[in-house]
$ cat target_31.cif   # mmCIF, C-alpha atoms
data_final
#
loop_
_atom_site.label_atom_id
_atom_site.label_comp_id
_atom_site.auth_asym_id
_atom_site.auth_seq_id
_atom_site.Cartn_x
_atom_site.Cartn_y
_atom_site.Cartn_z
CA MET Y 265 90.90 165.21 46.47
CA TRP Y 266 88.82 162.59 44.74
CA SER Y 267 89.62 163.80 41.23
CA SER Y 268 93.14 162.45 41.60
CA ASP Y 269 91.85 158.90 42.04
CA LYS Y 270 92.67 156.94 38.90
CA ASN Y 271 89.52 154.85 39.11
CA LEU Y 272 87.28 157.85 39.42
CA SER Y 273 88.95 159.82 36.65
CA GLY Y 274 88.74 156.83 34.35
CA ARG Y 275 84.99 156.62 34.82
CA GLY Y 276 84.32 160.32 34.65
CA PHE Y 277 81.39 162.31 35.99
CA LEU Y 278 77.93 161.43 34.79
CA THR Y 279 77.13 165.13 34.88
CA PRO Y 280 80.25 166.89 33.59
CA GLN Y 281 81.05 170.27 35.02
CA PRO Y 282 80.77 173.18 32.56
CA PRO Y 283 83.94 173.81 30.53
CA ALA Y 284 84.58 177.10 32.30
CA TRP Y 285 84.20 175.53 35.75
CA LYS Y 286 87.88 174.94 36.47
CA LYS Y 287 88.68 178.52 35.53
CA THR Y 288 86.38 179.81 38.24
CA GLN Y 289 86.78 177.16 40.91
CA PHE Y 290 86.84 179.64 43.80
CA THR Y 291 90.62 179.92 43.88
CA THR Y 292 90.33 183.37 45.50
CA VAL Y 293 88.84 183.60 48.95
CA LEU Y 294 87.71 187.06 50.01
CA PRO Y 295 88.90 188.42 53.34
CA LEU Y 296 86.34 187.87 56.07
CA SER Y 297 85.76 191.63 56.42
CA GLU Y 298 84.96 191.92 52.73
CA ARG Y 299 82.58 188.99 52.83
CA LYS Y 300 80.72 190.57 55.70
CA ARG Y 301 80.53 193.88 53.91
CA ILE Y 302 79.16 192.64 50.59
CA SER Y 303 77.10 189.67 51.72
CA PRO Y 304 73.44 190.14 52.71
CA GLU Y 305 73.69 186.92 54.73
CA ASN Y 306 75.68 188.21 57.69
CA ASN Y 307 72.77 187.84 60.06
CA GLY Y 308 73.39 184.68 62.05
CA ASP Y 309 69.72 183.76 61.74
CA PHE Y 310 69.93 183.65 57.93
CA HIS Y 311 71.63 180.25 57.78
CA VAL Y 312 69.29 178.79 60.38
CA ILE Y 313 66.14 180.05 58.66
CA HIS Y 314 67.21 178.94 55.18
CA LYS Y 315 69.01 175.77 56.35
CA VAL Y 316 72.18 176.79 54.52
CA PRO Y 317 75.63 175.92 55.95
CA ALA Y 318 77.35 178.99 57.38
CA SER Y 319 80.77 177.99 56.05
CA ASP Y 320 82.14 179.35 52.78
CA SER Y 321 82.97 175.87 51.44
CA PRO Y 322 82.18 174.07 48.16
CA TYR Y 323 79.26 172.29 49.86
CA GLY Y 324 78.04 175.50 51.51
CA ARG Y 325 78.06 177.34 48.17
CA ALA Y 326 76.19 174.47 46.50
CA LYS Y 327 73.49 174.56 49.18
CA HIS Y 328 73.18 178.32 48.70
CA VAL Y 329 72.60 177.87 44.97
CA GLN Y 330 70.08 175.09 45.65
CA LEU Y 331 68.05 176.79 48.38
CA ILE Y 332 68.57 180.54 47.93
CA ASP Y 333 69.30 181.01 44.22
CA LYS Y 334 67.00 178.08 43.38
CA ASP Y 335 69.04 177.13 40.32
CA PRO Y 336 68.89 173.30 40.26
CA ASN Y 337 71.10 172.76 37.20
CA LYS Y 338 73.87 174.92 38.59
CA ALA Y 339 73.41 173.29 42.00
CA VAL Y 340 74.10 169.86 40.49
CA SER Y 341 77.41 171.10 39.06
CA MET Y 342 78.36 172.67 42.38
CA PHE Y 343 77.48 169.54 44.35
CA TRP Y 344 79.75 167.64 41.95
CA ALA Y 345 82.48 170.15 42.81
CA ALA Y 346 81.95 169.56 46.53
CA ILE Y 347 82.16 165.79 46.04
CA ASN Y 348 85.29 166.20 43.92
CA ALA Y 349 86.83 168.39 46.63
CA GLY Y 350 85.99 165.86 49.33
CA ASP Y 351 83.81 168.38 51.16
CA SER Y 352 80.87 166.79 53.07
CA VAL Y 353 80.73 164.07 50.42
CA ASP Y 354 77.80 162.15 51.89
CA SER Y 355 75.65 165.28 52.33
CA ALA Y 356 76.59 166.62 48.90
CA LEU Y 357 75.79 163.26 47.33
CA LYS Y 358 72.35 163.03 48.97
CA ASP Y 359 71.45 166.63 48.15
CA MET Y 360 72.62 166.25 44.56
CA ALA Y 361 70.50 163.11 44.16
CA VAL Y 362 67.43 164.97 45.46
CA VAL Y 363 68.00 167.80 42.96
CA MET Y 364 68.55 165.32 40.12
CA LYS Y 365 65.27 163.63 41.04
CA GLN Y 366 63.52 167.00 40.73
CA LEU Y 367 65.10 167.39 37.29
CA ASN Y 368 63.89 163.91 36.22
CA ARG Y 369 67.47 162.66 36.07
CA THR Y 370 66.75 159.74 38.39
CA ASP Y 371 68.96 157.13 36.72
CA GLU Y 372 71.95 159.49 36.85
CA ALA Y 373 71.31 160.05 40.54
CA ILE Y 374 71.16 156.31 41.18
CA ASP Y 375 74.47 155.70 39.39
CA ALA Y 376 76.15 158.53 41.31
CA LEU Y 377 74.89 157.27 44.67
CA LYS Y 378 75.90 153.66 44.03
CA TYR Y 379 79.39 154.68 42.92
CA PHE Y 380 80.35 157.45 45.34
CA ARG Y 381 78.79 155.91 48.45
CA LEU Y 382 81.95 153.79 48.63
CA ILE Y 383 83.87 156.84 49.86
CA CYS Y 384 81.17 157.92 52.32
CA PRO Y 385 81.41 157.20 56.06
CA ARG Y 386 79.69 154.15 57.46
CA TYR Y 387 77.20 156.13 59.54
CA SER Y 388 75.78 157.72 56.37
CA GLN Y 389 74.99 154.44 54.58
CA GLU Y 390 71.48 154.05 56.05
CA SER Y 391 70.40 157.51 54.90
CA LEU Y 392 71.95 156.88 51.48
CA ASP Y 393 69.88 153.68 51.27
CA ASN Y 394 66.74 155.70 52.02
CA VAL Y 395 67.50 158.09 49.16
CA LEU Y 396 68.18 155.14 46.83
CA ILE Y 397 64.85 153.55 47.74
CA GLU Y 398 62.99 156.73 46.73
CA LEU Y 399 64.96 156.91 43.48
CA TYR Y 400 64.27 153.27 42.64
CA LYS Y 401 60.60 153.85 43.38
CA ARG Y 402 60.50 156.89 41.06
CA SER Y 403 62.29 155.08 38.22
CA GLY Y 404 60.22 151.89 38.51
CA ARG Y 405 63.24 149.73 39.38
CA VAL Y 406 61.21 147.65 41.82
CA ASP Y 407 63.53 144.63 42.04
CA GLU Y 408 66.41 146.82 43.23
CA GLU Y 409 64.10 148.65 45.63
CA ILE Y 410 62.97 145.33 47.14
CA GLU Y 411 66.58 144.16 47.52
CA ILE Y 412 67.50 147.18 49.66
CA LEU Y 413 64.28 146.95 51.68
CA GLN Y 414 64.81 143.26 52.43
CA ASN Y 415 68.32 144.03 53.65
CA LYS Y 416 66.97 146.81 55.88
CA LEU Y 417 64.31 144.44 57.21
CA ARG Y 418 66.97 141.86 58.11
CA ASN Y 419 68.95 144.54 59.93
CA SER Y 420 65.88 145.61 61.90
CA GLU Y 421 65.14 142.01 62.89
CA GLU Y 422 68.75 141.48 63.97
CA GLY Y 423 68.70 144.71 65.96
CA THR Y 424 71.55 146.29 64.01
CA VAL Y 425 69.59 149.33 62.87
CA PHE Y 426 70.06 152.68 64.65
CA GLY Y 427 73.61 151.65 65.47
CA GLY Y 428 72.35 149.21 68.09
CA LYS Y 429 70.17 151.83 69.80
CA LYS Y 430 66.46 151.30 70.45
CA THR Y 431 65.34 154.64 69.00
CA LYS Y 432 66.53 157.32 66.62
CA ILE Y 433 65.63 160.93 65.90
CA ALA Y 434 64.11 161.58 62.48
CA ARG Y 435 62.25 164.38 60.72
CA SER Y 436 58.59 164.21 59.75
CA GLN Y 437 56.83 167.16 58.14
CA GLY Y 438 59.62 169.46 59.30
CA LYS Y 439 59.49 168.28 62.93
CA LYS Y 440 61.92 166.12 64.87
CA ILE Y 441 60.35 162.89 66.10
CA GLN Y 442 61.62 159.82 67.93
CA ILE Y 443 61.24 156.51 66.09
CA THR Y 444 61.42 153.09 67.72
CA ILE Y 445 62.78 149.94 66.09
CA GLU Y 446 59.22 148.57 65.88
CA GLN Y 447 58.04 151.69 64.04
CA GLU Y 448 61.00 151.47 61.67
CA LYS Y 449 60.25 147.82 61.00
CA SER Y 450 56.60 148.67 60.29
CA ARG Y 451 57.71 151.39 57.86
CA ILE Y 452 60.04 149.01 56.02
CA LEU Y 453 57.33 146.32 55.81
CA GLY Y 454 54.89 148.89 54.42
CA ASN Y 455 57.37 149.93 51.74
CA LEU Y 456 58.05 146.29 50.88
CA ALA Y 457 54.31 145.62 50.64
CA TRP Y 458 53.85 148.56 48.27
CA ALA Y 459 56.75 147.34 46.09
CA TYR Y 460 55.23 143.84 45.85
CA LEU Y 461 51.87 145.45 45.08
CA GLN Y 462 53.49 147.14 42.05
CA GLN Y 463 54.69 143.70 40.94
CA HIS Y 464 51.12 142.34 41.28
CA ASN Y 465 52.38 139.93 43.94
CA TYR Y 466 49.29 140.54 46.05
CA GLY Y 467 49.62 137.59 48.42
CA ILE Y 468 53.06 138.64 49.68
CA ALA Y 469 51.98 142.28 49.73
CA GLU Y 470 49.04 141.39 51.98
CA GLN Y 471 51.33 139.48 54.37
CA HIS Y 472 53.68 142.44 54.71
CA TYR Y 473 50.84 144.94 55.19
CA ARG Y 474 49.24 142.83 57.93
CA LYS Y 475 52.56 142.33 59.70
CA ALA Y 476 53.26 146.07 59.51
CA LEU Y 477 49.83 146.89 60.92
CA SER Y 478 50.35 144.41 63.76
CA LEU Y 479 53.35 146.50 64.83
CA GLU Y 480 51.79 149.92 64.40
CA SER Y 481 48.37 151.24 63.42
CA ASP Y 482 48.58 153.22 60.19
CA LYS Y 483 45.62 154.40 58.11
CA ASN Y 484 47.75 154.81 54.98
CA LYS Y 485 48.73 151.13 55.14
CA GLN Y 486 45.10 150.15 55.82
CA CYS Y 487 44.02 151.91 52.62
CA ASN Y 488 46.76 150.25 50.61
CA LEU Y 489 45.87 146.86 52.10
CA ALA Y 490 42.29 147.47 50.95
CA ILE Y 491 43.60 148.05 47.41
CA CYS Y 492 45.58 144.83 47.67
CA LEU Y 493 42.47 142.91 48.77
CA MET Y 494 40.41 144.34 45.91
CA HIS Y 495 42.99 143.06 43.45
CA MET Y 496 42.36 139.60 44.94
CA ASN Y 497 38.58 140.10 44.58
CA ARG Y 498 38.06 140.24 48.36
CA ILE Y 499 35.77 143.23 48.08
CA SER Y 500 33.86 142.93 51.35
CA GLU Y 501 37.10 142.81 53.39
CA ALA Y 502 38.44 145.84 51.55
CA LYS Y 503 35.19 147.75 52.04
CA SER Y 504 35.22 146.99 55.77
CA LEU Y 505 38.78 148.32 56.10
CA LEU Y 506 37.89 151.56 54.34
CA GLN Y 507 34.80 152.00 56.49
CA ASP Y 508 37.01 151.67 59.58
CA VAL Y 509 39.36 154.34 58.24
CA LYS Y 510 36.47 156.73 57.59
CA ALA Y 511 34.89 156.03 60.99
CA SER Y 512 38.17 156.75 62.79
CA ALA Y 513 38.16 160.30 61.40
CA GLY Y 514 34.71 160.94 62.86
CA THR Y 515 33.29 164.33 61.90
CA GLU Y 516 36.73 165.84 61.31
CA GLU Y 517 38.47 166.09 57.96
CA MET Y 518 40.87 163.29 57.15
CA ASP Y 519 44.53 163.96 57.73
CA GLU Y 520 46.58 164.66 54.60
CA SER Y 521 48.97 161.86 55.55
CA TYR Y 522 46.45 159.25 54.38
CA LEU Y 523 43.78 161.22 52.50
CA LYS Y 524 45.20 160.48 49.04
CA SER Y 525 45.51 156.76 49.81
CA TYR Y 526 41.89 156.70 51.02
CA GLU Y 527 40.64 158.53 47.93
CA ARG Y 528 42.60 156.21 45.64
CA ALA Y 529 41.17 153.14 47.39
CA MET Y 530 37.61 154.52 47.32
CA GLU Y 531 37.94 155.30 43.61
CA MET Y 532 39.02 151.72 42.95
CA LEU Y 533 36.16 150.38 45.10
CA ALA Y 534 33.65 152.44 43.11
CA GLN Y 535 35.05 151.06 39.85
CA VAL Y 536 34.94 147.47 41.10
CA GLU Y 537 31.37 147.79 42.35
CA SER Y 538 30.30 149.46 39.12
CA GLN Y 539 31.81 146.64 37.06
CA SER Y 540 30.07 144.11 39.31
CA VAL Y 541 26.68 145.78 38.76
CA ARG Y 542 27.20 145.86 35.00
CA ALA Y 543 28.19 142.17 35.03
CA VAL Y 544 25.02 141.26 36.94
CA ARG Y 545 22.86 143.28 34.56
CA GLY Y 546 24.55 141.66 31.59
CA THR Y 547 23.85 138.23 33.00
CA GLY Y 548 20.21 139.14 33.62
CA THR Y 549 19.61 140.39 30.10
CA GLY Y 550 21.37 137.37 28.63
#

$ encode --input "target_31.cif" --output "structure tokens"
Amino acid sequence: MWSSDKNLSGRGFLTPQPPAWKKTQFTTVLPLSERKRISPENNGDFHVIHKVPASDSPYGRAKHVQLIDKDPNKAVSMFWAAINAGDSVDSALKDMAVVMKQLNRTDEAIDALKYFRLICPRYSQESLDNVLIELYKRSGRVDEEIEILQNKLRNSEEGTVFGGKKTKIARSQGKKIQITIEQEKSRILGNLAWAYLQQHNYGIAEQHYRKALSLESDKNKQCNLAICLMHMNRISEAKSLLQDVKASAGTEEMDESYLKSYERAMEMLAQVESQSVRAVRGTGTG
């Protein structure tokens, strides 16, 4: 379908399909009875358990290669085939980008997303933005990451996110959860703060972290705010934040959702305090 487009064919795929691809482009479809007889995946639960589409389509075959065969390079080629065939283009594009990210082909994934999103339905644009944000973050393209995040923040403030609804269903750690506009806004602000932190723009990063925390309590953001404060030499404020995070856990182990952020902040605090002690000692001996 899309391969006949003159603009697309002029640009060409960033990840060309293997030379033999067109010779074996699934021109023969087995009778349903044969597929049932030879396929070990006839159990209806198989597709649910492995999250593989039940249909024998270009996208379904690509997902099978990605999740069952676990062959990422071949999966990329097959996702390209699904996109070229116009089969679940938005899903194929997102899945291909995720696989490319795993293969450290982030820039290719970004180019593919930016180009082919033009033929994706409107309802898929928000999720495509989320994939792009992660890709920009991985590749260190912070300016482009901030641009998308600022646009998402404007949409949340104007109430145009979630298609005008007040909540949406999302997945977190494999579970379906309901997210409010306020929670989404807090998430966007946290991502923006982290991006500005990478640019050493600590003042703006602090503003975004504090605004995010005013909307929703989040220990991960508290730890990152502490890092931001330490960069501005506000050690006592940072130390107080980290003490609050530790106290909130009580005698239980810290949750994995913020443990790494806490450890990273504590490591930085130890380094800062150690440097301060050495500086004082150096002054005393001088």

$ resolve_selection --input "target_31.cif" --expression "the PyMOL selection byres ((chain Y and resi 419-426) around 9)" --output "PyMOL selection string"
chain Y and resi 390+414-418+427-432+445-446+448-449+452

$ write_last_selection --input "target_31.cif" --atoms "C-alpha atoms" --output "mmCIF file, keeping the file's coordinate frame"
data_model
loop_
_atom_site.group_PDB
_atom_site.id
_atom_site.type_symbol
_atom_site.label_atom_id
_atom_site.label_comp_id
_atom_site.auth_asym_id
_atom_site.auth_seq_id
_atom_site.Cartn_x
_atom_site.Cartn_y
_atom_site.Cartn_z
ATOM 1 C CA GLU Y 390 71.480 154.050 56.050
ATOM 2 C CA GLN Y 414 64.810 143.260 52.430
ATOM 3 C CA ASN Y 415 68.320 144.030 53.650
ATOM 4 C CA LYS Y 416 66.970 146.810 55.880
ATOM 5 C CA LEU Y 417 64.310 144.440 57.210
ATOM 6 C CA ARG Y 418 66.970 141.860 58.110
ATOM 7 C CA GLY Y 427 73.610 151.650 65.470
ATOM 8 C CA GLY Y 428 72.350 149.210 68.090
ATOM 9 C CA LYS Y 429 70.170 151.830 69.800
ATOM 10 C CA LYS Y 430 66.460 151.300 70.450
ATOM 11 C CA THR Y 431 65.340 154.640 69.000
ATOM 12 C CA LYS Y 432 66.530 157.320 66.620
ATOM 13 C CA ILE Y 445 62.780 149.940 66.090
ATOM 14 C CA GLU Y 446 59.220 148.570 65.880
ATOM 15 C CA GLU Y 448 61.000 151.470 61.670
ATOM 16 C CA LYS Y 449 60.250 147.820 61.000
ATOM 17 C CA ILE Y 452 60.040 149.010 56.020
#

$ residues_around --input "target_31.cif" --residues "Y:Lys338" --least-positions-apart "4" --cutoff "10 Å" --atoms "all atoms listed in the file" --output "PyMOL selection string"
chain Y and resi 281-282+326+329-330+333-334+342-344

$ resolve_selection --input "target_31.cif" --expression "the PyMOL selection byres ((chain Y and resi 458) around 10)" --output "NGL selection string"
:Y and (401 or 406 or 410 or 452-457 or 459-466 or 469-470 or 472-473 or 485 or 488-489 or 492)

$ closest_residue --input "target_31.cif" --among "Y:Leu413, Y:Val536, Y:Gly350, Y:Ser525" --to "Y:Ser500" --atoms "only C-alpha atoms"
Y:Val536

$ resolve_selection --input "target_31.cif" --expression "the PyMOL selection byres ((chain Y and resi 336) around 12)" --output "PyMOL selection string"
chain Y and resi 326-335+337-343+359-369

$ residues_around --input "target_31.cif" --residues "Y:Tyr387" --least-positions-apart "2" --cutoff "12 Å" --atoms "only C-alpha atoms" --output "PDB file with C-alpha atoms, keeping the file's coordinate frame"
ATOM      1  CA  ASP Y 354      77.800 162.150  51.890  1.00  0.00           C
ATOM      2  CA  SER Y 355      75.650 165.280  52.330  1.00  0.00           C
ATOM      3  CA  ARG Y 381      78.790 155.910  48.450  1.00  0.00           C
ATOM      4  CA  ILE Y 383      83.870 156.840  49.860  1.00  0.00           C
ATOM      5  CA  CYS Y 384      81.170 157.920  52.320  1.00  0.00           C
ATOM      6  CA  PRO Y 385      81.410 157.200  56.060  1.00  0.00           C
ATOM      7  CA  GLN Y 389      74.990 154.440  54.580  1.00  0.00           C
ATOM      8  CA  GLU Y 390      71.480 154.050  56.050  1.00  0.00           C
ATOM      9  CA  SER Y 391      70.400 157.510  54.900  1.00  0.00           C
ATOM     10  CA  LEU Y 392      71.950 156.880  51.480  1.00  0.00           C
ATOM     11  CA  ASP Y 393      69.880 153.680  51.270  1.00  0.00           C
ATOM     12  CA  VAL Y 425      69.590 149.330  62.870  1.00  0.00           C
ATOM     13  CA  PHE Y 426      70.060 152.680  64.650  1.00  0.00           C
ATOM     14  CA  GLY Y 427      73.610 151.650  65.470  1.00  0.00           C
TER      15      GLY Y 427
END

$ atom_distance --input "target_31.cif" --atom1 "atom CA of Y:Lys440" --atom2 "atom CA of Y:Asp482"
19.1 Å

$ closest_residue --input "target_31.cif" --among "Y:Gln535, Y:Ser321, Y:Ser481, Y:Ser540" --to "Y:Ser512" --atoms "all atoms listed in the file"
Y:Ser481

$ atom_distance --input "target_31.cif" --atom1 "atom CA of Y:Ser450" --atom2 "atom CA of Y:Ser521"
16.0 Å

$ atom_distance --input "target_31.cif" --atom1 "atom CA of Y:Ile347" --atom2 "atom CA of Y:Leu399"
19.5 Å

$ decode --input "target_31.cif" --residues "stretch 439-476 of chain Y" --atoms "C-alpha atoms" --output "mmCIF file, in the first residue's frame"
data_model
loop_
_atom_site.group_PDB
_atom_site.id
_atom_site.type_symbol
_atom_site.label_atom_id
_atom_site.label_comp_id
_atom_site.auth_asym_id
_atom_site.auth_seq_id
_atom_site.Cartn_x
_atom_site.Cartn_y
_atom_site.Cartn_z
ATOM 1 C CA LYS Y 439 -1.044 -3.622 35.395
ATOM 2 C CA LYS Y 440 -3.822 -1.391 34.101
ATOM 3 C CA ILE Y 441 -4.190 1.809 36.100
ATOM 4 C CA GLN Y 442 -6.346 4.914 35.816
ATOM 5 C CA ILE Y 443 -4.477 8.206 35.395
ATOM 6 C CA THR Y 444 -5.967 11.640 36.011
ATOM 7 C CA ILE Y 445 -5.051 14.810 34.123
ATOM 8 C CA GLU Y 446 -3.281 16.097 37.248
ATOM 9 C CA GLN Y 447 -1.161 12.943 37.446
ATOM 10 C CA GLU Y 448 -0.325 13.206 33.754
ATOM 11 C CA LYS Y 449 0.655 16.835 34.191
ATOM 12 C CA SER Y 450 2.883 15.907 37.145
ATOM 13 C CA ARG Y 451 4.545 13.195 35.041
ATOM 14 C CA ILE Y 452 5.213 15.617 32.178
ATOM 15 C CA LEU Y 453 6.626 18.241 34.565
ATOM 16 C CA GLY Y 454 8.911 15.619 36.105
ATOM 17 C CA ASN Y 455 10.213 14.607 32.679
ATOM 18 C CA LEU Y 456 10.736 18.254 31.751
ATOM 19 C CA ALA Y 457 12.607 18.850 35.012
ATOM 20 C CA TRP Y 458 14.890 15.888 34.341
ATOM 21 C CA ALA Y 459 15.597 17.154 30.806
ATOM 22 C CA TYR Y 460 16.531 20.613 32.122
ATOM 23 C CA LEU Y 461 18.676 18.931 34.769
ATOM 24 C CA GLN Y 462 20.659 17.256 31.963
ATOM 25 C CA GLN Y 463 21.184 20.708 30.444
ATOM 26 C CA HIS Y 464 22.467 21.999 33.823
ATOM 27 C CA ASN Y 465 19.556 24.449 33.907
ATOM 28 C CA TYR Y 466 19.013 23.791 37.594
ATOM 29 C CA GLY Y 467 16.780 26.766 38.382
ATOM 30 C CA ILE Y 468 14.120 25.796 35.828
ATOM 31 C CA ALA Y 469 14.500 22.131 36.761
ATOM 32 C CA GLU Y 470 13.774 22.973 40.408
ATOM 33 C CA GLN Y 471 10.657 24.947 39.434
ATOM 34 C CA HIS Y 472 9.275 22.043 37.425
ATOM 35 C CA TYR Y 473 10.049 19.489 40.145
ATOM 36 C CA ARG Y 474 8.324 21.579 42.818
ATOM 37 C CA LYS Y 475 5.288 22.163 40.616
ATOM 38 C CA ALA Y 476 5.092 18.429 39.845
#
